[in-house]
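For reference, model-v7.csv is printed below; it contains CSV, C-alpha atoms.
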```csv
chain,number,residue,atom,x,y,z
A,61,MET,CA,14.3,-16.6,22.4
A,62,GLY,CA,11.9,-14.7,20.1
A,63,ILE,CA,12.4,-13.2,16.7
A,64,ALA,CA,14.8,-10.3,16.2
A,65,LEU,CA,12.9,-7.5,14.6
A,66,PRO,CA,13.9,-3.8,14.2
A,67,ASP,CA,12.4,-1.2,16.4
A,68,PHE,CA,9.0,0.2,15.1
A,69,PRO,CA,10.3,3.1,13.0
A,70,TRP,CA,7.6,5.6,13.7
A,71,ASP,CA,8.4,5.6,17.5
A,72,SER,CA,11.6,7.4,16.6
A,73,LEU,CA,9.6,10.4,15.4
A,74,ALA,CA,8.5,11.4,18.9
A,75,PRO,CA,11.0,14.2,19.4
A,76,HIS,CA,10.2,15.7,16.0
A,77,ALA,CA,6.4,15.4,16.8
A,78,ALA,CA,7.0,17.2,20.1
A,79,ARG,CA,8.8,20.0,18.3
A,80,ALA,CA,6.0,20.3,15.6
A,81,ARG,CA,3.4,20.5,18.3
A,82,GLU,CA,5.0,23.7,19.6
A,83,HIS,CA,3.8,25.6,16.6
A,84,ALA,CA,1.2,28.3,17.5
A,85,ASP,CA,-1.3,26.7,15.2
A,86,GLY,CA,-0.6,23.1,16.2
A,87,ILE,CA,1.0,20.2,14.4
A,88,CYS,CA,0.3,19.3,10.7
A,89,ASP,CA,0.9,15.6,10.8
A,90,LEU,CA,1.8,14.3,7.4
A,91,SER,CA,3.8,11.3,8.6
A,92,VAL,CA,1.3,8.5,8.4
A,93,GLY,CA,-1.0,7.5,5.5
A,94,SER,CA,-4.1,7.0,7.6
A,95,PRO,CA,-7.4,8.2,6.1
A,96,VAL,CA,-9.2,11.0,7.8
A,97,ASP,CA,-12.4,11.3,5.6
A,98,PRO,CA,-15.6,9.5,6.5
A,99,THR,CA,-16.3,5.9,5.5
A,100,PRO,CA,-18.9,6.0,2.7
A,101,ASP,CA,-22.5,5.8,3.8
A,102,VAL,CA,-23.1,2.8,1.4
A,103,VAL,CA,-20.4,0.8,3.3
A,104,ARG,CA,-21.6,1.9,6.8
A,105,GLU,CA,-25.2,0.9,6.0
A,106,ALA,CA,-24.0,-2.5,4.8
A,107,LEU,CA,-22.0,-3.0,8.0
A,108,ARG,CA,-25.1,-2.1,10.2
A,109,ALA,CA,-27.3,-4.5,8.3
A,110,ALA,CA,-24.8,-7.3,9.0
A,111,THR,CA,-24.4,-6.9,12.7
A,112,ASP,CA,-26.3,-10.1,13.6
A,113,ALA,CA,-23.1,-12.1,13.1
A,114,HIS,CA,-23.8,-15.0,15.5
A,115,ALA,CA,-22.0,-17.7,13.5
A,116,TYR,CA,-18.3,-17.9,12.8
A,117,PRO,CA,-17.4,-16.2,9.5
A,118,GLN,CA,-15.8,-18.1,6.6
A,119,THR,CA,-12.1,-17.8,6.1
A,120,THR,CA,-12.6,-18.1,2.4
A,121,GLY,CA,-15.2,-15.3,2.4
A,122,THR,CA,-18.8,-15.6,1.5
A,123,ALA,CA,-19.8,-16.6,-2.0
A,124,GLU,CA,-21.1,-13.1,-2.5
A,125,LEU,CA,-17.8,-11.5,-1.4
A,126,ARG,CA,-15.7,-13.7,-3.7
A,127,ALA,CA,-18.0,-12.9,-6.6
A,128,ALA,CA,-17.7,-9.1,-5.8
A,129,ILE,CA,-13.9,-9.4,-5.8
A,130,VAL,CA,-13.9,-11.3,-9.1
A,131,ASP,CA,-16.2,-8.7,-10.6
A,132,TRP,CA,-14.1,-5.8,-9.3
A,133,TYR,CA,-10.9,-7.2,-10.9
A,134,ALA,CA,-12.7,-7.6,-14.2
A,135,ARG,CA,-14.3,-4.1,-14.1
A,136,ARG,CA,-11.6,-2.0,-12.5
A,137,ARG,CA,-8.3,-3.9,-13.2
A,138,GLY,CA,-8.9,-5.4,-16.6
A,139,VAL,CA,-8.4,-8.9,-15.2
A,140,SER,CA,-10.9,-11.5,-16.5
A,141,GLY,CA,-11.0,-15.2,-16.1
A,142,LEU,CA,-10.6,-15.3,-12.3
A,143,GLY,CA,-12.8,-17.8,-10.6
A,144,PRO,CA,-14.2,-17.6,-7.0
A,145,ASP,CA,-11.5,-20.0,-5.8
A,146,ALA,CA,-8.7,-17.7,-7.1
A,147,VAL,CA,-9.6,-14.9,-4.6
A,148,LEU,CA,-9.4,-14.7,-0.8
A,149,PRO,CA,-10.3,-11.9,1.7
A,150,THR,CA,-7.7,-10.9,4.3
A,151,ILE,CA,-7.7,-9.0,7.6
A,152,GLY,CA,-6.2,-5.9,6.0
A,153,SER,CA,-3.2,-6.2,3.7
A,154,LYS,CA,-0.4,-5.6,6.3
A,155,GLU,CA,-1.0,-8.9,8.0
A,156,LEU,CA,-0.8,-10.7,4.7
A,157,VAL,CA,2.4,-8.9,3.7
A,158,ALA,CA,3.9,-9.8,7.1
A,159,TRP,CA,2.8,-13.4,7.1
A,160,LEU,CA,2.9,-14.4,3.5
A,161,PRO,CA,6.4,-15.9,3.6
A,162,LEU,CA,5.4,-18.1,6.5
A,163,LEU,CA,2.1,-19.0,4.8
A,164,LEU,CA,4.0,-20.1,1.7
A,165,GLY,CA,6.3,-22.3,3.8
A,166,LEU,CA,9.5,-20.2,3.5
A,167,GLY,CA,12.2,-20.6,6.1
A,168,PRO,CA,16.0,-20.4,6.7
A,169,GLY,CA,18.0,-20.4,3.5
A,170,ASP,CA,15.1,-19.0,1.4
A,171,VAL,CA,15.2,-15.4,0.0
A,172,VAL,CA,12.5,-12.8,-0.2
A,173,VAL,CA,13.1,-10.0,-2.7
A,174,HIS,CA,11.6,-6.6,-2.2
A,175,PRO,CA,12.0,-3.2,-3.8
A,176,THR,CA,15.1,-1.1,-2.8
A,177,VAL,CA,12.9,1.7,-1.6
A,178,ALA,CA,10.1,-0.1,0.2
A,179,TYR,CA,7.5,-0.4,2.9
A,180,PRO,CA,9.4,-2.0,5.8
A,181,THR,CA,6.9,-4.9,6.4
A,182,TYR,CA,8.2,-6.8,3.4
A,183,ALA,CA,11.5,-7.3,5.2
A,184,VAL,CA,9.7,-8.0,8.5
A,185,GLY,CA,7.8,-10.8,6.8
A,186,ALA,CA,11.0,-12.4,5.8
A,187,ALA,CA,12.3,-12.1,9.3
A,188,LEU,CA,9.2,-13.7,10.8
A,189,ALA,CA,9.8,-16.7,8.5
A,190,ARG,CA,13.6,-16.6,9.3
A,191,ALA,CA,14.2,-16.2,5.6
A,192,THR,CA,16.6,-13.6,4.1
A,193,ALA,CA,15.4,-10.3,2.7
A,194,VAL,CA,17.2,-8.9,-0.3
A,195,ALA,CA,16.5,-5.5,-1.8
A,196,ALA,CA,16.7,-5.5,-5.6
A,197,ASP,CA,14.7,-3.8,-8.3
A,198,ASP,CA,16.4,-5.3,-11.4
A,199,PRO,CA,15.1,-8.8,-12.0
A,200,ALA,CA,18.6,-9.8,-13.4
A,201,LEU,CA,19.9,-9.3,-9.9
A,202,TRP,CA,17.4,-11.5,-8.1
A,203,PRO,CA,19.4,-14.5,-6.6
A,204,ALA,CA,18.8,-18.1,-7.4
A,205,GLU,CA,17.6,-18.8,-3.9
A,206,VAL,CA,14.6,-16.4,-4.2
A,207,ARG,CA,11.3,-18.0,-3.4
A,208,LEU,CA,9.1,-14.9,-3.0
A,209,VAL,CA,9.3,-11.6,-4.9
A,210,TRP,CA,7.4,-8.5,-3.7
A,211,LEU,CA,6.6,-5.7,-6.1
A,212,ASN,CA,4.8,-2.6,-5.0
A,213,SER,CA,3.3,-0.6,-7.8
A,214,PRO,CA,2.2,2.1,-7.4
A,215,GLY,CA,4.9,2.2,-4.7
A,216,ASN,CA,5.0,3.4,-1.1
A,217,PRO,CA,6.7,5.7,-0.5
A,218,THR,CA,7.9,6.8,-4.0
A,219,GLY,CA,4.6,6.7,-5.9
A,220,ALA,CA,6.4,5.1,-8.9
A,221,VAL,CA,4.4,2.9,-11.3
A,222,LEU,CA,5.6,-0.2,-13.1
A,223,ASP,CA,4.2,-0.3,-16.6
A,224,VAL,CA,3.0,-3.5,-18.4
A,225,ASP,CA,6.4,-4.1,-19.9
A,226,ALA,CA,8.2,-3.9,-16.5
A,227,LEU,CA,5.6,-6.1,-14.8
A,228,ARG,CA,5.9,-8.7,-17.6
A,229,ALA,CA,9.7,-8.8,-17.4
A,230,ALA,CA,9.4,-9.3,-13.6
A,231,VAL,CA,6.9,-12.1,-13.9
A,232,ALA,CA,9.0,-13.8,-16.6
A,233,ARG,CA,12.1,-13.7,-14.4
A,234,ALA,CA,10.3,-15.0,-11.3
A,235,ARG,CA,8.9,-17.9,-13.3
A,236,GLU,CA,12.4,-18.7,-14.6
A,237,LEU,CA,13.6,-18.8,-11.0
A,238,GLY,CA,10.6,-20.8,-9.7
A,239,ALA,CA,9.6,-18.0,-7.3
A,240,VAL,CA,6.2,-16.7,-6.4
A,241,ILE,CA,5.8,-13.1,-7.4
A,242,VAL,CA,3.3,-10.7,-5.7
A,243,ASN,CA,2.3,-7.1,-6.5
A,244,ASP,CA,1.0,-5.0,-3.6
A,245,GLU,CA,-1.4,-2.8,-5.6
A,246,CYS,CA,-3.3,-0.9,-3.0
A,247,TYR,CA,-2.8,2.6,-4.5
A,248,ALA,CA,-3.8,1.5,-8.1
A,249,GLU,CA,-6.8,3.8,-8.2
A,250,LEU,CA,-4.9,6.9,-7.1
A,251,GLY,CA,-3.0,7.9,-10.2
A,252,TRP,CA,-2.1,11.6,-10.8
A,253,ASP,CA,0.3,12.0,-13.7
A,254,ALA,CA,0.0,10.8,-17.2
A,255,PRO,CA,-0.7,8.1,-18.3
A,256,TRP,CA,-2.2,7.1,-14.9
A,257,ALA,CA,-4.3,10.3,-14.3
A,258,ASP,CA,-7.4,8.9,-15.8
A,259,ARG,CA,-7.0,5.1,-15.4
A,260,PRO,CA,-5.8,2.7,-12.8
A,261,ALA,CA,-2.2,1.5,-12.8
A,262,PRO,CA,-1.8,-1.9,-14.4
A,263,SER,CA,-2.3,-5.1,-12.3
A,264,ILE,CA,0.2,-7.9,-12.3
A,265,LEU,CA,-2.7,-10.1,-13.2
A,266,ASP,CA,-3.3,-8.2,-16.4
A,267,PRO,CA,-3.4,-10.7,-19.4
A,268,ARG,CA,-0.7,-8.5,-21.1
A,269,VAL,CA,1.5,-9.3,-18.1
A,270,VAL,CA,0.8,-13.0,-17.3
A,271,GLY,CA,-0.2,-14.2,-20.7
A,272,ASP,CA,-3.4,-15.9,-21.9
A,273,GLY,CA,-3.2,-18.9,-19.6
A,274,PRO,CA,-3.7,-19.1,-15.8
A,275,PRO,CA,-1.6,-16.7,-13.7
A,276,THR,CA,0.8,-19.4,-12.5
A,277,GLY,CA,3.0,-18.3,-9.6
A,278,VAL,CA,1.5,-14.8,-9.6
A,279,LEU,CA,-0.6,-13.0,-6.9
A,280,SER,CA,-2.1,-9.5,-6.6
A,281,VAL,CA,-2.8,-7.9,-3.2
A,282,TYR,CA,-5.3,-5.1,-2.8
A,283,SER,CA,-6.6,-3.1,0.2
A,284,LEU,CA,-9.8,-1.0,0.5
A,285,SER,CA,-8.2,1.2,3.2
A,286,LYS,CA,-7.1,3.9,0.7
A,287,GLN,CA,-9.8,4.0,-2.0
A,288,SER,CA,-12.7,3.6,0.4
A,289,ASN,CA,-11.5,4.9,3.8
A,290,LEU,CA,-11.8,1.4,5.3
A,291,ALA,CA,-8.5,1.4,7.2
A,292,GLY,CA,-10.3,0.7,10.5
A,293,TYR,CA,-12.2,-2.2,9.0
A,294,ARG,CA,-9.1,-4.1,8.0
A,295,ALA,CA,-10.5,-5.1,4.6
A,296,ALA,CA,-8.3,-6.5,1.9
A,297,PHE,CA,-7.9,-9.4,-0.4
A,298,LEU,CA,-5.5,-11.4,-2.7
A,299,ALA,CA,-6.1,-13.0,-6.1
A,300,GLY,CA,-4.3,-14.9,-8.7
A,301,ASP,CA,-2.8,-18.4,-9.0
A,302,GLU,CA,-5.7,-20.7,-7.8
A,303,LYS,CA,-3.3,-23.3,-6.5
A,304,LEU,CA,-1.4,-20.8,-4.4
A,305,VAL,CA,-4.6,-19.3,-3.1
A,306,ARG,CA,-5.9,-22.7,-2.0
A,307,SER,CA,-2.7,-23.5,-0.2
A,308,ILE,CA,-2.7,-20.1,1.6
A,309,LEU,CA,-6.4,-20.6,2.5
A,310,GLN,CA,-5.7,-24.0,4.2
A,311,VAL,CA,-3.1,-22.4,6.5
A,312,ARG,CA,-5.3,-19.5,7.3
A,313,LYS,CA,-8.2,-21.8,8.2
A,314,HIS,CA,-5.9,-23.5,10.8
A,315,ALA,CA,-4.7,-20.2,12.1
A,316,GLY,CA,-8.2,-18.7,12.5
A,317,LEU,CA,-7.5,-15.8,10.2
A,318,MET,CA,-11.2,-15.0,9.4
A,319,PRO,CA,-12.3,-11.5,8.3
A,320,PRO,CA,-15.4,-10.6,10.5
A,321,ALA,CA,-18.7,-11.3,8.8
A,322,PRO,CA,-19.9,-7.6,9.0
A,323,VAL,CA,-16.7,-6.5,7.4
A,324,GLN,CA,-17.2,-9.0,4.6
A,325,ALA,CA,-20.6,-7.5,4.0
A,326,ALA,CA,-19.1,-4.0,4.0
A,327,MET,CA,-16.5,-5.1,1.5
A,328,ILE,CA,-19.2,-6.2,-0.9
A,329,ALA,CA,-20.8,-2.8,-0.8
A,330,ALA,CA,-17.5,-1.0,-1.2
A,331,LEU,CA,-16.4,-3.1,-4.2
A,332,GLY,CA,-19.7,-2.6,-6.0
A,333,ASP,CA,-19.8,1.2,-5.8
A,334,ASP,CA,-17.3,3.2,-8.0
A,335,VAL,CA,-18.9,6.6,-7.2
A,336,HIS,CA,-17.4,7.0,-3.8
A,337,VAL,CA,-13.9,6.0,-5.1
A,338,ALA,CA,-14.0,8.7,-7.7
A,339,GLU,CA,-15.2,11.3,-5.1
A,340,GLN,CA,-12.4,10.4,-2.7
A,341,LYS,CA,-9.8,10.6,-5.5
A,342,GLU,CA,-10.9,14.2,-6.2
A,343,LEU,CA,-10.5,15.1,-2.5
A,344,TYR,CA,-6.9,13.7,-2.6
A,345,ARG,CA,-6.2,15.4,-5.9
A,346,ALA,CA,-7.0,18.9,-4.5
A,347,ARG,CA,-4.9,18.2,-1.4
A,348,ARG,CA,-2.0,17.0,-3.6
A,349,ASP,CA,-2.2,20.0,-5.9
A,350,ALA,CA,-2.0,22.4,-3.0
A,351,LEU,CA,0.7,20.6,-1.1
A,352,ALA,CA,2.9,19.9,-4.2
A,353,ALA,CA,2.8,23.6,-5.2
A,354,ALA,CA,3.8,24.7,-1.7
A,355,VAL,CA,6.6,22.1,-1.5
A,356,ARG,CA,8.1,23.3,-4.7
A,357,THR,CA,7.8,27.0,-3.6
A,358,ALA,CA,9.7,26.0,-0.5
A,359,GLY,CA,12.6,24.8,-2.7
A,360,LEU,CA,12.1,21.0,-2.4
A,361,ARG,CA,12.2,18.6,-5.4
A,362,ILE,CA,9.4,16.0,-5.8
A,363,ASP,CA,10.6,12.8,-7.3
A,364,HIS,CA,8.3,10.2,-8.8
A,365,SER,CA,5.0,10.5,-6.9
A,366,GLU,CA,2.9,10.0,-10.1
A,367,ALA,CA,0.5,7.8,-8.1
A,368,GLY,CA,-0.4,7.0,-4.5
A,369,LEU,CA,-1.0,9.1,-1.4
A,370,TYR,CA,2.4,10.6,-0.8
A,371,LEU,CA,4.9,13.1,-2.1
A,372,TRP,CA,8.5,11.8,-2.2
A,373,CYS,CA,10.5,15.0,-1.6
A,374,THR,CA,14.1,16.1,-1.1
A,375,ARG,CA,16.2,19.1,0.0
A,376,ASP,CA,19.3,17.3,-1.1
A,377,GLU,CA,20.4,16.8,2.5
A,378,PRO,CA,20.2,13.9,4.9
A,379,ALA,CA,16.6,12.8,5.5
A,380,LEU,CA,16.6,13.4,9.2
A,381,ASP,CA,17.8,17.0,8.7
A,382,THR,CA,14.8,17.6,6.5
A,383,VAL,CA,12.5,16.0,9.1
A,384,ALA,CA,13.9,18.5,11.6
A,385,TRP,CA,13.4,21.4,9.2
A,386,PHE,CA,9.8,20.4,8.6
A,387,ALA,CA,9.2,20.1,12.4
A,388,GLU,CA,10.4,23.7,12.8
A,389,GLN,CA,7.5,24.6,10.5
A,390,GLY,CA,5.1,22.6,12.7
A,391,ILE,CA,4.9,19.8,10.1
A,392,LEU,CA,5.7,16.1,10.9
A,393,VAL,CA,6.9,14.0,7.9
A,394,ALA,CA,8.3,10.5,7.6
A,395,PRO,CA,12.1,10.2,6.8
A,396,GLY,CA,13.2,8.2,3.8
A,397,THR,CA,15.4,6.2,6.2
A,398,PHE,CA,12.3,4.2,7.1
A,399,TYR,CA,12.2,3.0,3.5
A,400,GLU,CA,15.7,3.0,2.0
A,401,GLY,CA,18.2,3.1,4.9
A,402,GLU,CA,20.4,5.6,6.6
A,403,GLN,CA,21.7,7.1,3.3
A,404,SER,CA,18.3,8.5,2.4
A,405,ARG,CA,18.0,12.1,1.3
A,406,HIS,CA,14.2,12.0,0.9
A,407,VAL,CA,11.1,12.5,3.1
A,408,ARG,CA,7.5,11.3,2.6
A,409,LEU,CA,4.6,13.6,2.9
A,410,ALA,CA,1.1,12.0,3.2
A,411,LEU,CA,-1.9,13.5,1.6
A,412,THR,CA,-4.2,11.9,4.3
A,413,ALA,CA,-4.7,15.0,6.4
A,414,SER,CA,-7.8,17.2,6.5
A,415,ASP,CA,-8.3,20.0,4.0
A,416,GLU,CA,-7.7,22.4,6.9
A,417,ARG,CA,-4.4,20.8,7.9
A,418,ILE,CA,-3.2,20.5,4.3
A,419,THR,CA,-4.0,24.2,3.8
A,420,ALA,CA,-2.1,25.1,7.0
A,421,ALA,CA,0.9,23.0,6.0
A,422,ALA,CA,1.0,24.6,2.5
A,423,ALA,CA,0.8,28.1,4.0
A,424,ARG,CA,3.7,27.4,6.4
A,425,LEU,CA,5.8,26.0,3.5
A,426,VAL,CA,5.2,29.1,1.4
A,427,SER,CA,6.0,31.3,4.4
A,428,SER,CA,9.3,29.5,4.9
A,429,SER,CA,10.4,30.4,1.4
A,430,ASN,CA,9.9,34.1,2.3
A,431,ALA,CA,11.7,33.9,5.6
```
Show this structure as structure tokens.
Amino acid sequence: MGIALPDFPWDSLAPHAARAREHADGICDLSVGSPVDPTPDVVREALRAATDAHAYPQTTGTAELRAAIVDWYARRRGVSGLGPDAVLPTIGSKELVAWLPLLLGLGPGDVVVHPTVAYPTYAVGAALARATAVAADDPALWPAEVRLVWLNSPGNPTGAVLDVDALRAAVARARELGAVIVNDECYAELGWDAPWADRPAPSILDPRVVGDGPPTGVLSVYSLSKQSNLAGYRAAFLAGDEKLVRSILQVRKHAGLMPPAPVQAAMIAALGDDVHVAEQKELYRARRDALAAAVRTAGLRIDHSEAGLYLWCTRDEPALDTVAWFAEQGILVAPGTFYEGEQSRHVRLALTASDERITAAAARLVSSSNA
């Protein structure tokens, strides 16, 4: 009985973590994208003020939260015309990624398409619904049986960004097949290379993508974990096709998937304050600049990585050999095998370590080039 799922991939890093910890100055853990910087004061104050949460929270979110999400999409993502019934808070974005196929009623015989280099939870979600996961980037290769398409732009782990033309082509193909299409957009505010250095990556709900009418069959997913250091709050939301949102809401009501009331209040504060987002981006920019320079000095190539919180790197050797090489320097990284299978020749380095640990990792990489 039960559902056959793969082993949790990060458990396999234990031997490499042990080797990295043997370094005289300790481990530099760049394997997981978990924020280390403080949650902004404006958010923490909103949470404190909402601690008298004696009543059950609303699955649909408070009217104030839904208005804040609608306003944020218009202000930061160029998406106007959303109504309060077209948005829905979630308990972080990972739970939604994992459960969306089931929430949409998918089952055996249905296909979930996800990127060829992808966060593993897209395939896990298909498995939970007993649907079939298919990795395919080219819309022309999406099978007729597809009922749900996942895009991830900016992508994890690659940091690649789909422009408006690519998003529009993907939406057109999904509509032709009668499939729901969803873009996981949680790194949209963290662009580094032109043209994304000074503006967010495009949303799948952008009118240039979906057209002037309602976003039929299209959803956007966003998380506040990255831009606002709210990973521990589990604060995210989806938006788009009002009919789909309403259907998902009904299932979530029955399942008791309710974001806690204090978290909903904190989300309102985070969504309304752009200053802390800009400040956090500059912290990551400095870490990225230091780490990228050191990675290149050590002889690695960085592919894509124009946005997001990672460097997608290669030494042109099997990924696990590169993980072992990094561990010898006292640095733990994630192998590309987690995202694209055993043939991977890439590793992922997270920028979500302290300034001190990023500086230490950079110094070790530079030293390795002189060894």
Name the residues in contact with Leu211 in chain A at a cut-off of 9 Å, using all atoms listed in the file, excluding same-chain residues fewer than 6 positions from it; report them as a PDB file with C-alpha atoms, keeping the file's coordinate frame.
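Below is the file that was written, result_34.pdb:
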```
ATOM      1  CA  VAL A 173      13.100 -10.000  -2.700  1.00  0.00           C
ATOM      2  CA  HIS A 174      11.600  -6.600  -2.200  1.00  0.00           C
ATOM      3  CA  PRO A 175      12.000  -3.200  -3.800  1.00  0.00           C
ATOM      4  CA  ASP A 197      14.700  -3.800  -8.300  1.00  0.00           C
ATOM      5  CA  LEU A 222       5.600  -0.200 -13.100  1.00  0.00           C
ATOM      6  CA  LEU A 227       5.600  -6.100 -14.800  1.00  0.00           C
ATOM      7  CA  ALA A 230       9.400  -9.300 -13.600  1.00  0.00           C
ATOM      8  CA  ILE A 241       5.800 -13.100  -7.400  1.00  0.00           C
ATOM      9  CA  VAL A 242       3.300 -10.700  -5.700  1.00  0.00           C
ATOM     10  CA  ASN A 243       2.300  -7.100  -6.500  1.00  0.00           C
ATOM     11  CA  ASP A 244       1.000  -5.000  -3.600  1.00  0.00           C
ATOM     12  CA  GLU A 245      -1.400  -2.800  -5.600  1.00  0.00           C
TER      13      GLU A 245
END
```
- Query: So, counting only C-alpha atoms, which residue among A:Ala295, A:Ala158, A:Ala64, A:Ala84 is closest to Val103 in chain A?
  - Reply: A:Ala295
- Message: Quick check, in Å to one decimal: how far apart do CA of Leu160 in chain A and CA of Pro144 in chain A lie?
- Response: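 Atom-to-atom, CA of Leu160 in chain A and CA of Pro144 in chain A are spaced 20.3 Å apart.
Across the model, the gap from CA of Val92 in chain A to CA of Gly401 in chain A is 18.1 Å.
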- Task: Measure the distance from CA of Gly238 in chain A to CA of Lys154 in chain A in Å and round it to one decimal.
- Result: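 Separating CA of Gly238 in chain A from CA of Lys154 in chain A is a distance of 24.7 Å.
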Could you add the missing atoms to range 259-271 of chain A, up to N, CA, C and O atoms, and return them as a PDB file, in the frame of the given file?
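out.pdb, written as the output of this step:
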```pdb
ATOM      1  N   ARG A 259      -6.761   6.555 -15.421  1.00  0.00           N
ATOM      2  CA  ARG A 259      -7.000   5.100 -15.400  1.00  0.00           C
ATOM      3  C   ARG A 259      -6.123   4.464 -14.344  1.00  0.00           C
ATOM      4  O   ARG A 259      -5.084   5.001 -13.958  1.00  0.00           O
ATOM      5  N   PRO A 260      -6.563   3.322 -13.840  1.00  0.00           N
ATOM      6  CA  PRO A 260      -5.800   2.700 -12.800  1.00  0.00           C
ATOM      7  C   PRO A 260      -4.425   2.183 -13.325  1.00  0.00           C
ATOM      8  O   PRO A 260      -4.272   1.896 -14.516  1.00  0.00           O
ATOM      9  N   ALA A 261      -3.450   2.113 -12.445  1.00  0.00           N
ATOM     10  CA  ALA A 261      -2.200   1.500 -12.800  1.00  0.00           C
ATOM     11  C   ALA A 261      -2.385   0.038 -13.125  1.00  0.00           C
ATOM     12  O   ALA A 261      -3.309  -0.595 -12.615  1.00  0.00           O
ATOM     13  N   PRO A 262      -1.548  -0.540 -13.996  1.00  0.00           N
ATOM     14  CA  PRO A 262      -1.800  -1.900 -14.400  1.00  0.00           C
ATOM     15  C   PRO A 262      -1.594  -2.928 -13.271  1.00  0.00           C
ATOM     16  O   PRO A 262      -0.738  -2.758 -12.401  1.00  0.00           O
ATOM     17  N   SER A 263      -2.386  -3.964 -13.315  1.00  0.00           N
ATOM     18  CA  SER A 263      -2.300  -5.100 -12.300  1.00  0.00           C
ATOM     19  C   SER A 263      -1.295  -6.096 -12.838  1.00  0.00           C
ATOM     20  O   SER A 263      -1.139  -6.322 -14.044  1.00  0.00           O
ATOM     21  N   ILE A 264      -0.671  -6.768 -11.904  1.00  0.00           N
ATOM     22  CA  ILE A 264       0.200  -7.900 -12.300  1.00  0.00           C
ATOM     23  C   ILE A 264      -0.548  -9.036 -12.868  1.00  0.00           C
ATOM     24  O   ILE A 264       0.035  -9.886 -13.553  1.00  0.00           O
ATOM     25  N   LEU A 265      -1.874  -9.067 -12.662  1.00  0.00           N
ATOM     26  CA  LEU A 265      -2.700 -10.100 -13.200  1.00  0.00           C
ATOM     27  C   LEU A 265      -3.255  -9.776 -14.613  1.00  0.00           C
ATOM     28  O   LEU A 265      -3.982 -10.573 -15.209  1.00  0.00           O
ATOM     29  N   ASP A 266      -2.912  -8.616 -15.102  1.00  0.00           N
ATOM     30  CA  ASP A 266      -3.300  -8.200 -16.400  1.00  0.00           C
ATOM     31  C   ASP A 266      -2.900  -9.259 -17.449  1.00  0.00           C
ATOM     32  O   ASP A 266      -1.752  -9.717 -17.407  1.00  0.00           O
ATOM     33  N   PRO A 267      -3.762  -9.672 -18.371  1.00  0.00           N
ATOM     34  CA  PRO A 267      -3.400 -10.700 -19.400  1.00  0.00           C
ATOM     35  C   PRO A 267      -2.139 -10.270 -20.186  1.00  0.00           C
ATOM     36  O   PRO A 267      -1.396 -11.139 -20.639  1.00  0.00           O
ATOM     37  N   ARG A 268      -1.916  -8.969 -20.345  1.00  0.00           N
ATOM     38  CA  ARG A 268      -0.700  -8.500 -21.100  1.00  0.00           C
ATOM     39  C   ARG A 268       0.555  -8.817 -20.276  1.00  0.00           C
ATOM     40  O   ARG A 268       1.646  -8.838 -20.837  1.00  0.00           O
ATOM     41  N   VAL A 269       0.395  -9.043 -18.978  1.00  0.00           N
ATOM     42  CA  VAL A 269       1.500  -9.300 -18.100  1.00  0.00           C
ATOM     43  C   VAL A 269       1.739 -10.844 -17.961  1.00  0.00           C
ATOM     44  O   VAL A 269       2.850 -11.357 -18.151  1.00  0.00           O
ATOM     45  N   VAL A 270       0.686 -11.565 -17.613  1.00  0.00           N
ATOM     46  CA  VAL A 270       0.800 -13.000 -17.300  1.00  0.00           C
ATOM     47  C   VAL A 270       0.574 -13.906 -18.484  1.00  0.00           C
ATOM     48  O   VAL A 270       0.818 -15.106 -18.397  1.00  0.00           O
ATOM     49  N   GLY A 271       0.081 -13.352 -19.601  1.00  0.00           N
ATOM     50  CA  GLY A 271      -0.200 -14.200 -20.700  1.00  0.00           C
ATOM     51  C   GLY A 271      -1.666 -14.646 -20.734  1.00  0.00           C
ATOM     52  O   GLY A 271      -2.452 -14.309 -19.838  1.00  0.00           O
TER      53      GLY A 271
END
```
